[in-house]
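J.: data12.cif is reproduced in full below (mmCIF, C-alpha atoms).
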data_input
#
loop_
_atom_site.label_atom_id
_atom_site.label_comp_id
_atom_site.auth_asym_id
_atom_site.auth_seq_id
_atom_site.Cartn_x
_atom_site.Cartn_y
_atom_site.Cartn_z
CA MET S 1 141.36 -119.16 -117.85
CA ASN S 2 140.83 -120.65 -121.27
CA GLY S 3 140.38 -118.91 -124.61
CA THR S 4 141.65 -115.61 -125.95
CA PRO S 5 142.64 -113.04 -123.29
CA SER S 6 139.98 -110.35 -123.27
CA TYR S 7 140.88 -108.07 -120.37
CA VAL S 8 143.39 -105.31 -119.69
CA LEU S 9 144.74 -103.80 -116.48
CA GLY S 10 145.67 -100.16 -116.03
CA VAL S 11 147.74 -99.11 -113.01
CA ASP S 12 148.48 -95.59 -111.74
CA GLY S 13 150.96 -96.09 -108.92
CA GLY S 14 151.74 -92.96 -106.94
CA ASN S 15 153.79 -92.34 -103.83
CA THR S 16 150.72 -92.34 -101.58
CA LYS S 17 148.03 -94.33 -103.43
CA THR S 18 147.59 -96.72 -106.33
CA ASP S 19 144.61 -97.03 -108.67
CA TYR S 20 143.96 -100.32 -110.46
CA TYR S 21 141.35 -100.58 -113.23
CA LEU S 22 140.21 -103.72 -115.02
CA TYR S 23 138.52 -103.28 -118.41
CA ASP S 24 137.50 -105.56 -121.25
CA LEU S 25 138.73 -105.08 -124.80
CA ASP S 26 135.58 -103.17 -125.75
CA GLY S 27 136.33 -100.47 -123.17
CA ARG S 28 133.87 -101.58 -120.51
CA ARG S 29 134.94 -101.28 -116.90
CA LEU S 30 134.75 -104.50 -114.91
CA GLY S 31 136.21 -103.34 -111.62
CA SER S 32 138.67 -101.10 -109.85
CA LEU S 33 140.64 -100.81 -106.64
CA ARG S 34 142.19 -97.85 -104.87
CA THR S 35 144.75 -98.80 -102.28
CA GLY S 36 148.10 -97.79 -100.81
CA THR S 37 151.34 -97.06 -102.57
CA CYS S 38 153.29 -99.60 -104.58
CA SER S 39 156.31 -97.33 -105.03
CA HIS S 40 159.65 -98.94 -104.23
CA GLU S 41 160.75 -95.60 -102.78
CA GLN S 42 158.24 -95.96 -99.96
CA PHE S 43 159.35 -99.41 -98.73
CA LYS S 44 162.35 -100.22 -96.57
CA ASP S 45 163.04 -103.25 -98.75
CA GLY S 46 162.73 -101.25 -101.96
CA TYR S 47 161.88 -103.29 -105.04
CA ALA S 48 160.99 -106.35 -102.98
CA GLY S 49 158.37 -104.23 -101.21
CA ALA S 50 157.08 -102.93 -104.53
CA LYS S 51 156.78 -106.48 -105.84
CA ARG S 52 154.92 -107.58 -102.73
CA ALA S 53 152.51 -104.62 -102.94
CA LEU S 54 151.81 -105.09 -106.64
CA ALA S 55 151.22 -108.80 -106.14
CA GLU S 56 148.81 -108.29 -103.26
CA GLN S 57 146.99 -105.26 -104.62
CA ALA S 58 146.56 -106.29 -108.24
CA GLY S 59 145.95 -109.84 -107.08
CA GLU S 60 142.99 -108.66 -105.03
CA LEU S 61 141.31 -107.03 -108.03
CA LEU S 62 142.16 -109.76 -110.52
CA GLY S 63 141.11 -112.47 -108.05
CA ARG S 64 137.59 -111.03 -107.86
CA HIS S 65 137.21 -111.98 -111.52
CA GLY S 66 139.08 -115.27 -111.45
CA LEU S 67 142.06 -113.81 -113.25
CA GLU S 68 145.81 -113.98 -112.92
CA PRO S 69 148.40 -111.67 -114.54
CA GLY S 70 149.05 -114.13 -117.35
CA ASP S 71 145.38 -114.13 -118.30
CA LEU S 72 145.45 -110.50 -119.42
CA ALA S 73 145.66 -109.31 -123.00
CA ALA S 74 147.83 -106.41 -121.84
CA ALA S 75 148.65 -104.21 -118.87
CA ALA S 76 150.11 -100.73 -118.46
CA PHE S 77 151.84 -99.40 -115.36
CA GLY S 78 152.55 -95.73 -114.67
CA LEU S 79 154.72 -95.76 -111.56
CA ALA S 80 156.15 -93.05 -109.36
CA GLY S 81 159.82 -93.68 -108.79
CA ALA S 82 160.41 -94.94 -112.33
CA ASP S 83 162.68 -92.02 -113.11
CA ILE S 84 166.11 -93.19 -114.21
CA PRO S 85 167.10 -96.19 -116.37
CA SER S 86 168.22 -98.40 -113.48
CA GLN S 87 164.90 -97.90 -111.69
CA LYS S 88 162.97 -98.67 -114.84
CA ARG S 89 164.95 -101.86 -115.44
CA GLU S 90 164.30 -103.06 -111.89
CA LEU S 91 160.59 -102.31 -112.04
CA ASP S 92 160.34 -103.98 -115.43
CA ARG S 93 161.93 -107.06 -113.88
CA VAL S 94 159.49 -106.98 -110.96
CA ILE S 95 156.48 -106.90 -113.26
CA ARG S 96 157.78 -109.72 -115.44
CA GLU S 97 158.44 -111.86 -112.37
CA LEU S 98 154.82 -111.32 -111.31
CA GLY S 99 153.69 -113.07 -114.49
CA TYR S 100 152.60 -110.23 -116.75
CA GLY S 101 153.22 -110.94 -120.41
CA ARG S 102 152.41 -108.02 -122.70
CA PHE S 103 152.82 -104.81 -120.74
CA GLU S 104 154.33 -101.35 -120.73
CA MET S 105 155.80 -99.70 -117.66
CA ASP S 106 157.14 -96.19 -117.24
CA ASN S 107 156.96 -93.07 -115.13
CA ASP S 108 153.46 -91.97 -114.20
CA SER S 109 153.94 -88.74 -116.19
CA PHE S 110 153.29 -90.69 -119.39
CA LEU S 111 149.78 -91.57 -118.27
CA GLY S 112 148.73 -87.94 -118.63
CA ILE S 113 149.56 -88.08 -122.34
CA LYS S 114 147.44 -91.15 -122.96
CA ALA S 115 144.59 -89.73 -120.88
CA GLY S 116 144.68 -86.14 -122.10
CA SER S 117 145.79 -86.31 -125.74
CA PRO S 118 143.27 -87.73 -128.21
CA SER S 119 146.10 -89.11 -130.36
CA GLY S 120 147.94 -90.73 -127.44
CA ALA S 121 151.03 -88.70 -128.32
CA GLY S 122 152.32 -85.41 -126.93
CA VAL S 123 153.94 -84.05 -123.80
CA CYS S 124 152.70 -84.15 -120.22
CA SER S 125 153.93 -81.51 -117.79
CA ILE S 126 153.21 -82.56 -114.22
CA ASN S 127 153.23 -79.82 -111.62
CA GLY S 128 151.75 -81.17 -108.43
CA THR S 129 153.59 -81.86 -105.19
CA GLY S 130 156.64 -82.34 -107.39
CA ALA S 131 157.44 -81.76 -111.05
CA CYS S 132 158.15 -84.01 -114.01
CA THR S 133 157.80 -83.93 -117.79
CA GLY S 134 157.29 -86.84 -120.17
CA GLY S 135 156.80 -87.07 -123.91
CA ILE S 136 155.61 -89.70 -126.39
CA ASP S 137 155.93 -89.01 -130.10
CA PRO S 138 153.70 -90.54 -132.82
CA SER S 139 156.15 -93.40 -133.36
CA GLY S 140 155.87 -94.37 -129.68
CA ARG S 141 159.31 -93.14 -128.59
CA ARG S 142 159.32 -91.86 -125.02
CA LEU S 143 161.43 -89.28 -123.26
CA GLN S 144 161.35 -88.21 -119.61
CA VAL S 145 162.85 -84.94 -118.41
CA GLY S 146 163.34 -84.48 -114.68
CA GLY S 147 161.19 -86.05 -112.03
CA VAL S 148 163.91 -86.83 -109.51
CA GLY S 149 163.16 -83.83 -107.30
CA SER S 150 166.47 -82.13 -107.93
CA GLU S 151 167.74 -78.87 -109.31
CA LEU S 152 170.17 -81.04 -111.26
CA SER S 153 167.34 -81.88 -113.64
CA GLY S 154 165.36 -78.64 -113.48
CA ASP S 155 162.63 -79.87 -111.13
CA GLU S 156 162.17 -76.34 -109.82
CA SER S 157 158.43 -76.21 -109.42
CA GLY S 158 155.75 -78.24 -107.68
CA GLY S 159 153.95 -77.28 -104.50
CA ALA S 160 156.77 -78.40 -102.20
CA TYR S 161 159.37 -76.38 -104.10
CA LEU S 162 157.17 -73.28 -104.31
CA ALA S 163 156.51 -73.46 -100.58
CA ARG S 164 160.23 -73.57 -99.83
CA ARG S 165 160.77 -70.61 -102.17
CA ALA S 166 158.21 -68.59 -100.22
CA VAL S 167 160.06 -69.29 -96.96
CA ARG S 168 163.39 -68.52 -98.61
CA LEU S 169 162.23 -65.11 -99.83
CA ALA S 170 161.06 -64.22 -96.33
CA TYR S 171 164.38 -65.42 -94.88
CA ASP S 172 166.29 -63.44 -97.50
CA GLU S 173 164.52 -60.25 -96.50
CA LEU S 174 165.06 -60.84 -92.81
CA TYR S 175 168.64 -62.09 -92.79
CA ARG S 176 170.29 -61.85 -96.22
CA VAL S 177 169.66 -58.24 -97.31
CA GLY S 178 167.02 -59.53 -99.71
CA ALA S 179 164.44 -57.24 -101.25
CA PRO S 180 161.37 -56.50 -99.12
CA THR S 181 158.48 -58.83 -99.91
CA ALA S 182 154.84 -59.09 -98.92
CA LEU S 183 155.49 -62.78 -98.16
CA THR S 184 157.39 -62.29 -94.91
CA ALA S 185 154.66 -61.50 -92.39
CA PRO S 186 152.13 -64.09 -93.62
CA ALA S 187 154.86 -66.75 -93.92
CA LEU S 188 155.76 -66.20 -90.27
CA ARG S 189 152.09 -66.61 -89.32
CA LEU S 190 151.64 -69.77 -91.40
CA LEU S 191 154.66 -71.37 -89.77
CA GLY S 192 153.61 -70.37 -86.27
CA ALA S 193 156.78 -68.36 -85.73
CA ALA S 194 156.54 -65.79 -82.94
CA GLY S 195 159.11 -63.61 -84.67
CA PRO S 196 161.87 -63.58 -87.28
CA GLU S 197 164.24 -65.52 -85.07
CA GLU S 198 161.89 -68.55 -85.20
CA LEU S 199 161.32 -68.60 -88.96
CA LEU S 200 164.06 -71.05 -89.92
CA GLU S 201 163.53 -73.30 -86.91
CA ARG S 202 159.78 -73.63 -87.52
CA ALA S 203 160.31 -74.20 -91.23
CA LEU S 204 162.89 -76.92 -90.67
CA GLU S 205 160.73 -78.62 -88.04
CA ALA S 206 157.79 -78.63 -90.42
CA MET S 207 159.86 -80.01 -93.29
CA LEU S 208 161.29 -82.81 -91.16
CA SER S 209 157.88 -83.76 -89.81
CA ARG S 210 156.28 -83.39 -93.27
CA SER S 211 153.84 -80.84 -91.87
CA LEU S 212 154.96 -77.83 -93.89
CA PRO S 213 151.79 -75.98 -95.03
CA ALA S 214 152.92 -76.34 -98.64
CA THR S 215 149.62 -75.53 -100.32
CA GLU S 216 149.13 -72.37 -98.29
CA LEU S 217 152.72 -71.18 -98.77
CA ALA S 218 152.65 -71.89 -102.52
CA THR S 219 149.35 -70.03 -102.83
CA LEU S 220 150.83 -67.14 -100.88
CA LEU S 221 153.73 -67.00 -103.36
CA LEU S 222 151.42 -67.06 -106.40
CA GLU S 223 149.12 -64.41 -104.95
CA ALA S 224 152.04 -62.13 -104.16
CA ALA S 225 153.44 -62.59 -107.67
CA ALA S 226 150.07 -61.81 -109.25
CA ALA S 227 149.90 -58.64 -107.13
CA GLY S 228 153.26 -57.51 -108.51
CA ASP S 229 155.51 -58.33 -105.54
CA GLY S 230 159.01 -58.23 -107.03
CA PRO S 231 160.73 -61.15 -105.28
CA ALA S 232 157.66 -63.38 -105.62
CA LEU S 233 157.23 -62.57 -109.30
CA SER S 234 160.90 -63.30 -109.96
CA ALA S 235 160.60 -66.69 -108.23
CA VAL S 236 157.45 -67.60 -110.18
CA ARG S 237 159.04 -66.54 -113.47
CA HIS S 238 162.00 -68.79 -112.67
CA SER S 239 159.78 -71.80 -112.03
CA ALA S 240 157.74 -71.12 -115.15
CA ARG S 241 160.90 -71.03 -117.25
CA GLN S 242 162.25 -74.26 -115.76
CA MET S 243 159.03 -76.11 -116.54
CA ALA S 244 158.91 -74.59 -120.04
CA MET S 245 162.51 -75.67 -120.70
CA SER S 246 161.61 -79.26 -119.79
CA THR S 247 158.62 -79.16 -122.12
CA ALA S 248 160.70 -77.71 -124.94
CA GLY S 249 163.38 -80.32 -124.31
CA CYS S 250 160.82 -83.11 -124.65
CA VAL S 251 159.49 -81.69 -127.91
CA ARG S 252 162.96 -81.24 -129.40
CA GLY S 253 164.17 -84.62 -128.16
CA LEU S 254 161.33 -86.47 -129.90
CA ASP S 255 159.94 -86.35 -133.43
CA PHE S 256 156.51 -84.76 -133.76
CA GLY S 257 157.02 -83.76 -137.38
CA SER S 258 155.58 -80.44 -138.47
CA GLY S 259 152.18 -80.86 -136.86
CA PRO S 260 150.85 -79.44 -133.59
CA VAL S 261 151.89 -80.95 -130.26
CA ASP S 262 149.41 -81.57 -127.46
CA VAL S 263 150.82 -80.47 -124.10
CA VAL S 264 148.81 -81.95 -121.25
CA LEU S 265 149.00 -80.11 -117.94
CA ALA S 266 148.52 -82.32 -114.90
CA GLY S 267 148.94 -81.96 -111.17
CA SER S 268 147.36 -79.69 -108.60
CA VAL S 269 149.55 -76.65 -109.27
CA TRP S 270 148.69 -76.62 -112.96
CA VAL S 271 145.05 -77.64 -112.65
CA LYS S 272 143.86 -76.14 -109.37
CA ALA S 273 146.23 -73.40 -108.22
CA ALA S 274 144.86 -69.88 -108.15
CA PRO S 275 145.78 -67.36 -109.33
CA PRO S 276 147.01 -69.05 -112.56
CA ILE S 277 150.02 -66.75 -113.03
CA LEU S 278 152.56 -69.60 -113.03
CA ARG S 279 150.63 -71.54 -115.66
CA GLU S 280 150.24 -68.46 -117.85
CA LEU S 281 153.94 -67.58 -117.65
CA TYR S 282 154.86 -71.20 -118.38
CA MET S 283 152.73 -71.36 -121.53
CA GLU S 284 154.06 -68.01 -122.71
CA THR S 285 157.67 -69.12 -122.18
CA ALA S 286 157.16 -72.52 -123.81
CA ARG S 287 155.83 -70.83 -126.94
CA GLU S 288 158.84 -68.50 -126.93
CA LEU S 289 161.22 -71.46 -126.71
CA LEU S 290 159.45 -73.29 -129.55
CA PRO S 291 158.47 -70.54 -131.99
CA GLN S 292 158.13 -72.95 -134.93
CA THR S 293 155.87 -75.42 -133.11
CA GLU S 294 152.15 -75.11 -132.46
CA LEU S 295 151.56 -76.09 -128.85
CA ARG S 296 148.02 -77.06 -127.85
CA PHE S 297 147.77 -76.87 -124.07
CA ARG S 298 145.18 -79.10 -122.42
CA LEU S 299 144.35 -79.22 -118.71
CA LEU S 300 143.99 -82.85 -117.68
CA GLU S 301 140.39 -83.35 -116.60
CA GLU S 302 140.40 -87.15 -116.55
CA PRO S 303 142.09 -89.33 -113.91
CA PRO S 304 145.61 -90.36 -114.97
CA ALA S 305 144.55 -94.00 -114.52
CA ALA S 306 142.47 -93.57 -117.67
CA GLY S 307 145.76 -93.19 -119.49
CA ALA S 308 146.95 -96.54 -118.15
CA VAL S 309 143.80 -98.29 -119.39
CA LEU S 310 143.99 -96.63 -122.80
CA TRP S 311 147.67 -97.54 -123.05
CA ALA S 312 146.89 -101.18 -122.21
CA LEU S 313 144.12 -101.24 -124.82
CA GLU S 314 146.51 -99.77 -127.37
CA LEU S 315 148.89 -102.65 -126.65
CA ALA S 316 146.14 -105.23 -126.85
CA HIS S 317 144.68 -103.95 -130.13
CA GLY S 318 147.98 -102.92 -131.72
CA ARG S 319 146.78 -99.39 -132.46
CA PRO S 320 145.66 -96.25 -130.60
CA ALA S 321 142.17 -96.36 -129.13
CA SER S 322 139.42 -95.19 -131.46
CA GLU S 323 137.32 -92.19 -130.50
CA ALA S 324 134.42 -94.46 -129.53
CA LEU S 325 136.62 -96.79 -127.45
CA ARG S 326 138.24 -93.82 -125.76
CA ALA S 327 134.83 -92.38 -124.90
CA ARG S 328 133.71 -95.67 -123.32
CA VAL S 329 136.86 -95.90 -121.20
CA LEU S 330 136.51 -92.34 -119.95
CA ALA S 331 132.81 -92.85 -119.22
CA GLY S 332 133.74 -95.90 -117.17
CA MET S 333 136.07 -93.80 -115.06
CA ARG S 334 133.14 -91.64 -113.98
CA THR S 335 130.95 -94.49 -112.71
#
I need this file expressed as structure tokens, please.
T.:
Amino acid sequence: MNGTPSYVLGVDGGNTKTDYYLYDLDGRRLGSLRTGTCSHEQFKDGYAGAKRALAEQAGELLGRHGLEPGDLAAAAFGLAGADIPSQKRELDRVIRELGYGRFEMDNDSFLGIKAGSPSGAGVCSINGTGACTGGIDPSGRRLQVGGVGSELSGDESGGAYLARRAVRLAYDELYRVGAPTALTAPALRLLGAAGPEELLERALEAMLSRSLPATELATLLLEAAAAGDGPALSAVRHSARQMAMSTAGCVRGLDFGSGPVDVVLAGSVWVKAAPPILRELYMETARELLPQTELRFRLLEEPPAAGAVLWALELAHGRPASEALRARVLAGMRT
């Protein structure tokens, strides 16, 4: 193409699907593509597979408009699996080798901040299948806490973790002199176990085959906690505190000055789970950990991909998106 680049690309690359959005510099949507994962963690050949997927997938959308990566004013990539510095360096290399010039790439948790915070700064707590926390302060500095699916980094929430906790509490009651819990009988039914002796076997089979009824088990845990079940409530309080500690760590590790901090809540457990006892305990604990900071909690109602587009526009224009530009981008996401 000739002339001044006038388009941006926003990419939300998850472990199961990837959303690509092409916009012009005025915030008008030109096209989009939803396709399979581009995460290096999902390919046998790792980063080579991620490069191949990004080339083919983004190439399909850009090709519809006669564009190549080098024709763009800017691009922003929020990618699952960009968790530790070595992963981020490799993915940065992949994107550069594909021909992108001005771009930003980081963990997909940062997209929630750009999508959900009007200022483009704040903290995003993701509590979906897994858990991760990311922060961007007003100067643009970024900090990620957790996201590697390990107790080493406090990733002790998310639907998969909560489901395993529900099974563990039932197992504790049956075999480890744990406190009685209302979870045991329904957990046995959900797993298809004929009796206590089959609980662990059915749970392990389901985990290995990725057929564990995680949503149902996590909901069971939350419902029991809301009803006052002791073991369930203790487990939910633990998860709430772990997520709150990650949020507080992001706030303290960055510089938000003396003003309020937007905390965007994203992921199915935060946004959709009922009853909301985990979310309520998390917000309460976060405020206790940061008594001098005003936290403004916002449920993410827009698709995270909107954050990628807004981030790319911020790069292209050299400043955060105006209220009018932001409104046009978000309206384009709904068409």
J.: Hey, could you make a per-residue contact list for stretch 17-57 of chain S against stretch 73-93 of chain S with 7 Å as the cut-off, showing the nearest pair of atoms and its distance in Å to one decimal, counting all atoms listed in the file, sorted by chain and number, as a tab-separated table?
T.:
residue	atom	partner	partner_atom	distance
S:Ser39	CA	S:Ala80	CA	6.1
S:His40	CA	S:Gly81	CA	7.0
S:Glu41	CA	S:Gly81	CA	6.4
J.: Go through S:Tyr7, S:Gly70, S:Asn15, S:Arg168 and flag the residue nearest S:Phe43, using only C-alpha atoms for the distances.
T.: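 Using only C-alpha atoms, S:Phe43 sits closest to S:Asn15.
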J.: Work out how far apart atom CA of S:Cys132 and atom CA of S:Ala226 are and give it in Å to one decimal.
T.: 24.1 Å
J.: Taking all atoms listed in the file into account, name the residue in S:Leu54, S:Pro213, S:Glu314, S:Met333 that is nearest to S:Ile95.
T.: S:Leu54
J.: Here's the selection I'm unsure about, the PyMOL selection byres ((chain S and resi 245) around 10); applied to the file above, which residues does it give, as a ChimeraX atom specification?
T.: /S:133,145,154,239-244,246-251,282,285-286,289-290
J.: Could you save the residues just selected, with C-alpha atoms, as a JSON list (two decimals), in the frame of the given file?
T.:
[["chain", "number", "residue", "atom", "x", "y", "z"],
["S", 133, "THR", "CA", 157.80, -83.93, -117.79],
["S", 145, "VAL", "CA", 162.85, -84.94, -118.41],
["S", 154, "GLY", "CA", 165.36, -78.64, -113.48],
["S", 239, "SER", "CA", 159.78, -71.80, -112.03],
["S", 240, "ALA", "CA", 157.74, -71.12, -115.15],
["S", 241, "ARG", "CA", 160.90, -71.03, -117.25],
["S", 242, "GLN", "CA", 162.25, -74.26, -115.76],
["S", 243, "MET", "CA", 159.03, -76.11, -116.54],
["S", 244, "ALA", "CA", 158.91, -74.59, -120.04],
["S", 246, "SER", "CA", 161.61, -79.26, -119.79],
["S", 247, "THR", "CA", 158.62, -79.16, -122.12],
["S", 248, "ALA", "CA", 160.70, -77.71, -124.94],
["S", 249, "GLY", "CA", 163.38, -80.32, -124.31],
["S", 250, "CYS", "CA", 160.82, -83.11, -124.65],
["S", 251, "VAL", "CA", 159.49, -81.69, -127.91],
["S", 282, "TYR", "CA", 154.86, -71.20, -118.38],
["S", 285, "THR", "CA", 157.67, -69.12, -122.18],
["S", 286, "ALA", "CA", 157.16, -72.52, -123.81],
["S", 289, "LEU", "CA", 161.22, -71.46, -126.71],
["S", 290, "LEU", "CA", 159.45, -73.29, -129.55]]
J.: Give me the result of the PyMOL selection byres ((chain S and resi 255) around 12) on this file, residue by residue, as a ChimeraX atom specification.
T.: /S:121-123,135-143,249-254,256-261,293
J.: Can those selected residues be exported to a file as a compact mmCIF listing (two decimals), in the frame of the given file so that it contains C-alpha atoms?
T.:
# COMPACT_ATOMS: atom_id res chain seq x y z
CA ALA S 121 151.03 -88.70 -128.32
CA GLY S 122 152.32 -85.41 -126.93
CA VAL S 123 153.94 -84.05 -123.80
CA GLY S 135 156.80 -87.07 -123.91
CA ILE S 136 155.61 -89.70 -126.39
CA ASP S 137 155.93 -89.01 -130.10
CA PRO S 138 153.70 -90.54 -132.82
CA SER S 139 156.15 -93.40 -133.36
CA GLY S 140 155.87 -94.37 -129.68
CA ARG S 141 159.31 -93.14 -128.59
CA ARG S 142 159.32 -91.86 -125.02
CA LEU S 143 161.43 -89.28 -123.26
CA GLY S 249 163.38 -80.32 -124.31
CA CYS S 250 160.82 -83.11 -124.65
CA VAL S 251 159.49 -81.69 -127.91
CA ARG S 252 162.96 -81.24 -129.40
CA GLY S 253 164.17 -84.62 -128.16
CA LEU S 254 161.33 -86.47 -129.90
CA PHE S 256 156.51 -84.76 -133.76
CA GLY S 257 157.02 -83.76 -137.38
CA SER S 258 155.58 -80.44 -138.47
CA GLY S 259 152.18 -80.86 -136.86
CA PRO S 260 150.85 -79.44 -133.59
CA VAL S 261 151.89 -80.95 -130.26
CA THR S 293 155.87 -75.42 -133.11
J.: How many Å lie between atom CA of S:Cys124 and atom CA of S:Asp262, rounded to one decimal?
T.: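 One can read the atom CA of S:Cys124 to atom CA of S:Asp262 distance as 8.4 Å.
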J.: Give the centre and edge lengths of an axis-aligned box, in Å to one decimal, that holds all listed atoms of stretch 77-86 of chain S with 3 Å on each side, as lines of an AutoDock Vina configuration file.
T.:
center_x = 160.0
center_y = -95.7
center_z = -112.6
size_x = 22.4
size_y = 13.4
size_z = 13.6
J.: One decimal, in Å: what's the spacing between atom CA of S:Ser268 and atom CA of S:Ala193?
T.: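 If I compute the distance from atom CA of S:Ser268 to atom CA of S:Ala193, I get 27.2 Å.
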J.: I would like the residues chosen by the PyMOL selection byres ((chain S and resi 313) around 10) on the shown file; could you give them as number ranges by chain?
T.: S: 7-10, 23-27, 73-76, 307-312, 314-321, 325-326, 329
J.: Please identify all polymer residues within 10 Å of S:Glu197, counting only C-alpha atoms, omitting same-chain residues fewer than 5 positions from it, and present them as a list in words.
T.: Tyr171, Leu174, Tyr175, Leu188 and Arg202 of chain S
J.: For S:Arg287, which residue out of S:Ala187, S:Val263, S:Ala214, S:Ile126 is the nearest one, using all atoms listed in the file?
T.: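 Closest to S:Arg287 of all the choices is S:Val263.
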